[in-house]
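Chemist: Can you read through this structure? Questions will come right after.
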Amino acid sequence: MWDMYELGIASAVFGVAHNDLANPWYDLRLCGMRPGISSPRPGFVLNAPYGLDELEKVDTVIVPAVPEEYVRGDRDLPAELISALQRARAAGARMVSLCNGAFGLAAAGLLDGRLATAHWEHTHVLAERFPKVKVDGSALYVDDGDVLTSAGLSGGLDLCLHIVRRDLGAQVANQLARRLVVPAHRPGGQAQFVERVIAVTDDGIAPVLHWALENLDRPLTVADLAARAGMSARSFHRHLQASTGMSPMKWLLHQRLARAQVLLETTDLPIDHISERSGLGTANNLRHHFALHVGITPTEYRRAFPASRSGTTHRAAAGQRTGGQPGRPDQSRPRAHRATRA
């Protein structure tokens with residue numbers, strides 16, 4: 001099953017060889033139920049060189065989307081596709097869905113007992129049809145370890161960049177995001193996009209948030225940010241919460257941790273200097289927040305991303321909790337990642 005937008009996202013992130021950012025890059029393999037050329041979208045054709053048996057040979061399987069009739073339950077997904085997804089998971093593949101591809105993973109039983117998300121228009125349907133799935137309708141993406149799901153459309157790009165961040169580090173993900181002309185990480189969740197009346201937009205606070213990112217080493221307060229926005233602290237809090245789903249202090253903490261991650265990956269600065277430059281104050285405070293939000297110590301994080309990399313090919317073929325949480329590196333030696341589309 002394929003949709004041009006989600007498939008394009010996976011192709012742009014994993015299918016283009018960004019070897020100047022990390023070498024080797026991923027190896028994207030397009031898979032279909034019937035290998036060859038198909039055209040389920042007017043004006044477009046897809047050449048999928050690989051069949052579903054390829055899913056058992058890869059490290060990561062990506063399901064970009066499923067047609068609406070499968071979401072509504074008017075038709076069942078083909079049994080051979082469900083079986084292929086199950087076999088891929090049994091073989092140890094990391095399973096990823098973009099948008100309503102979550103319905104494919106759910107139909108295969110791969111989301112049972114898992115936290116997951118999908119496009120906000122369909123999360124309630126996902127919860128009703130698959131009651132064993134713990135559906136979070138507010139998340140841009142959910143990283144549940146070896147099973148990851150995303151919200152609709154551009155939420156898939158957030159998840160793909162998160163996967164790159166997990167696999168190759170924040171610095172590479174940030175550089176790729178700049179190349180794609182998108183934010184390296186959008187804080188908050190898809191609650192900001194749900195069809196409802198929101199009295200404010202980002203326009204009034206975006207310049208202030210940009211200024212804050214340039215001054216993370218300063219002891220910023222909500223009052224400081226509100227004053228620059230020409231608002232009361234209470235009004236600024238309300239604007240930021242509506243726009244990002246985060247309180248000002250939570251947003252600041254996330255940005256400080258992200259800055260610390262980049263500094264740990266790209267510099268040899270002592271921990272206390274990194275804590276100062278990221279605005280977290282003391283080294284002990286940095287360690288505390290890393291343990292709480294990243295799950296490992298800053299030193300362990302630094303070891304996971306050595307300055308000079310050597311490794312196996314990261315392959316992608318198409319076929320963390322909720323968004324806004326700082327990236328968490330794999331603590332074992334990375335293996336080849338091949339994302340495969342069903």
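Numbering starts fresh at 1 for the residues of each chain in the structure tokens, the chains themselves are lettered A, B, ... in the order given, and ligands are numbered from 1 as they appear.
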When you look at range 252-263 of chain A with a cut-off of 9 Å (counting only C-alpha atoms), what residues show up, excluding the ones that are within fewer than 2 positions of it in the same chain? I need them as an MDAnalysis selection string.

Modeler: chainID A and resid 169:171 187 212:213 216:217 220 247:250 265:269 274:275 277:280 286 289:290 293:294 298 301:302 324:327

Chemist: Store the residues picked out above, limited to C-alpha atoms, as an mmCIF file, in the first residue's frame.

Modeler:
data_model
loop_
_atom_site.group_PDB
_atom_site.id
_atom_site.type_symbol
_atom_site.label_atom_id
_atom_site.label_comp_id
_atom_site.auth_asym_id
_atom_site.auth_seq_id
_atom_site.Cartn_x
_atom_site.Cartn_y
_atom_site.Cartn_z
ATOM 1 C CA GLY A 169 22.847 11.384 16.380
ATOM 2 C CA ALA A 170 21.317 14.824 16.801
ATOM 3 C CA GLN A 171 23.982 16.600 14.760
ATOM 4 C CA PRO A 187 8.008 20.424 20.066
ATOM 5 C CA ALA A 212 15.612 31.946 23.231
ATOM 6 C CA LEU A 213 17.376 29.302 21.139
ATOM 7 C CA LEU A 216 20.064 29.144 25.923
ATOM 8 C CA ASP A 217 23.176 29.742 28.004
ATOM 9 C CA LEU A 220 15.932 32.525 31.004
ATOM 10 C CA SER A 247 4.597 24.937 29.073
ATOM 11 C CA PRO A 248 7.391 27.524 28.688
ATOM 12 C CA MET A 249 9.674 25.772 31.186
ATOM 13 C CA LYS A 250 9.128 22.364 29.619
ATOM 14 C CA GLU A 265 28.265 14.576 20.117
ATOM 15 C CA THR A 266 30.371 17.223 18.408
ATOM 16 C CA THR A 267 32.782 18.605 21.029
ATOM 17 C CA ASP A 268 35.198 17.433 23.711
ATOM 18 C CA LEU A 269 34.016 20.080 26.150
ATOM 19 C CA ILE A 274 28.313 21.771 28.361
ATOM 20 C CA SER A 275 25.862 22.237 31.197
ATOM 21 C CA ARG A 277 26.431 26.435 27.507
ATOM 22 C CA SER A 278 23.103 24.640 27.380
ATOM 23 C CA GLY A 279 21.749 26.635 30.298
ATOM 24 C CA LEU A 280 21.361 23.679 32.629
ATOM 25 C CA LEU A 286 22.765 18.056 33.537
ATOM 26 C CA HIS A 289 17.959 15.671 33.614
ATOM 27 C CA PHE A 290 19.783 13.232 31.328
ATOM 28 C CA HIS A 293 14.645 12.296 30.241
ATOM 29 C CA VAL A 294 17.279 10.469 28.173
ATOM 30 C CA PRO A 298 25.932 12.373 29.536
ATOM 31 C CA TYR A 301 25.574 9.369 25.586
ATOM 32 C CA ARG A 302 28.881 10.800 24.345
ATOM 33 C CA GLY A 324 9.048 16.328 21.825
ATOM 34 C CA GLN A 325 11.072 13.943 23.969
ATOM 35 C CA PRO A 326 14.850 14.174 23.542
ATOM 36 C CA GLY A 327 16.416 11.440 21.446
#

Chemist: I'd like the neighbourhood of Met95 in chain A as a ChimeraX atom specification, where a residue qualifies if any of its atoms comes within 7 Å (using only C-alpha atoms), though same-chain residues fewer than 2 positions away should be ignored.

Modeler: /A:60-62,89,93,97,146-148

Chemist: Please run DSSP on the backbone and report, as an MDAnalysis selection string, all residues within range 14-263 of chain A that come out as alpha helix (DSSP H).

Modeler: chainID A and resid 68:72 79:90 102:107 123:129 154:168 170:180 206:214 222:229 233:244 248:263

Chemist: If we count only C-alpha atoms, what is near Thr282 in chain A at a cut-off of 9 Å, once residues fewer than 5 positions away on the same chain are taken out, given as number ranges by chain?

Modeler: A: 271-273, 275-276, 287

Chemist: Give me the residues within 10 Å of Lys132 in chain A as a list in words, counting only C-alpha atoms and dropping any in the same chain fewer than 6 places off.

Modeler: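 Those residues are Ala106, Gly109, Leu111, Asp112, Gly113, Arg114, Leu115 and Leu126 of chain A.
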
Chemist: Would you mind reading off the distance between CA of Leu153 in chain A and CA of Glu6 in chain A, one decimal, in Å?

Modeler: 6.3 Å

Chemist: What's the separation between CA of Val71 in chain A and CA of Gly152 in chain A, in Å to one decimal place?

Modeler: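 Separation between CA of Val71 in chain A and CA of Gly152 in chain A: 13.0 Å.
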
Chemist: Taking only range 59-274 of chain A into account, list the residues labelled strand (DSSP E or B) by DSSP (computed from the backbone), as a PyMOL selection string.

Modeler: chain A and resi 60-63+94-97+115-116+134-135+141-143+147-150

Chemist: Which distance in Å separates CA of Ala22 in chain A and CA of Leu159 in chain A, to one decimal?

Modeler: 18.5 Å

Chemist: Using only C-alpha atoms, can you tell me which of A:Val58, A:Val208, A:Ala151, A:Leu161 comes closest to Leu225 in chain A?

Modeler: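 Under the stated criterion, the closest residue is A:Val208.
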
Chemist: Got a sec: who's within 9 Å of Cys99 in chain A, counting only C-alpha atoms, leaving out chain neighbours fewer than 2 positions off, as a PyMOL selection string?

Modeler: chain A and resi 6+63-66+97+101-103+117-119+149-156

Chemist: Those selected residues, please, written with N, CA, C and O atoms and delivered as a compact mmCIF listing (two decimals), in the first residue's frame.

Modeler:
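See result-v6.txt below for the written result:
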# COMPACT_ATOMS: atom_id res chain seq x y z
N GLU A 6 3.55 10.21 2.09
CA GLU A 6 4.31 9.46 3.07
C GLU A 6 5.47 8.70 2.43
O GLU A 6 6.56 8.62 2.98
N VAL A 63 5.76 1.11 7.06
CA VAL A 63 4.47 1.05 6.37
C VAL A 63 3.99 2.49 6.23
O VAL A 63 3.52 3.09 7.21
N PRO A 64 4.10 3.11 5.05
CA PRO A 64 3.79 4.53 4.91
C PRO A 64 2.32 4.87 5.16
O PRO A 64 2.02 5.90 5.74
N ALA A 65 1.40 4.04 4.68
CA ALA A 65 -0.03 4.34 4.85
C ALA A 65 -0.82 3.16 4.34
O ALA A 65 -0.29 2.26 3.68
N VAL A 66 -2.12 3.14 4.63
CA VAL A 66 -3.04 2.17 4.04
C VAL A 66 -4.22 2.94 3.49
O VAL A 66 -4.54 4.03 3.98
N SER A 97 5.45 2.88 11.33
CA SER A 97 4.32 3.26 10.49
C SER A 97 4.25 4.78 10.40
O SER A 97 4.58 5.49 11.36
N GLY A 101 -0.59 4.07 8.38
CA GLY A 101 0.10 2.79 8.32
C GLY A 101 -0.01 2.05 9.64
O GLY A 101 0.19 0.83 9.68
N ALA A 102 -0.33 2.78 10.72
CA ALA A 102 -0.52 2.13 12.03
C ALA A 102 -1.62 1.07 11.97
O ALA A 102 -1.57 0.08 12.71
N PHE A 103 -2.60 1.26 11.08
CA PHE A 103 -3.66 0.26 10.96
C PHE A 103 -3.11 -1.05 10.41
O PHE A 103 -3.64 -2.12 10.73
N THR A 117 0.25 5.96 17.81
CA THR A 117 -0.56 7.07 17.33
C THR A 117 -0.78 6.92 15.84
O THR A 117 -0.25 6.02 15.19
N ALA A 118 -1.60 7.82 15.28
CA ALA A 118 -1.89 7.87 13.85
C ALA A 118 -2.43 9.28 13.58
O ALA A 118 -2.37 10.15 14.46
N HIS A 119 -2.94 9.51 12.39
CA HIS A 119 -3.52 10.81 12.08
C HIS A 119 -4.65 11.10 13.07
O HIS A 119 -5.46 10.22 13.38
N THR A 149 5.42 4.77 15.68
CA THR A 149 4.28 5.21 14.87
C THR A 149 4.26 6.73 14.84
O THR A 149 4.78 7.39 15.74
N SER A 150 3.62 7.28 13.79
CA SER A 150 3.59 8.74 13.67
C SER A 150 2.19 9.23 13.38
O SER A 150 1.32 8.48 12.93
N ALA A 151 2.00 10.52 13.59
CA ALA A 151 0.77 11.19 13.20
C ALA A 151 0.73 11.32 11.69
O ALA A 151 1.61 10.84 10.98
N GLY A 152 -0.30 11.98 11.18
CA GLY A 152 -0.49 12.05 9.75
C GLY A 152 0.46 12.98 9.03
O GLY A 152 1.03 13.91 9.61
N LEU A 153 0.65 12.70 7.73
CA LEU A 153 1.35 13.57 6.80
C LEU A 153 2.70 14.01 7.35
O LEU A 153 3.60 13.21 7.49
N SER A 154 2.87 15.30 7.66
CA SER A 154 4.19 15.79 8.07
C SER A 154 4.66 15.21 9.39
O SER A 154 5.85 15.26 9.70
N GLY A 155 3.74 14.64 10.18
CA GLY A 155 4.17 13.93 11.38
C GLY A 155 5.09 12.78 11.03
O GLY A 155 5.94 12.38 11.83
N GLY A 156 4.93 12.22 9.82
CA GLY A 156 5.82 11.17 9.37
C GLY A 156 7.24 11.66 9.20
O GLY A 156 8.20 10.92 9.45

Chemist: Find the residues near Asp53 in chain A: any atom within 12 Å, counting only C-alpha atoms, skip ones fewer than 2 places away on the same chain, and give them as a VMD selection string.

Modeler: chain A and resid 29 to 35 49 to 51 55 to 58 61 80 to 81 83 to 88 91 319 340 to 342
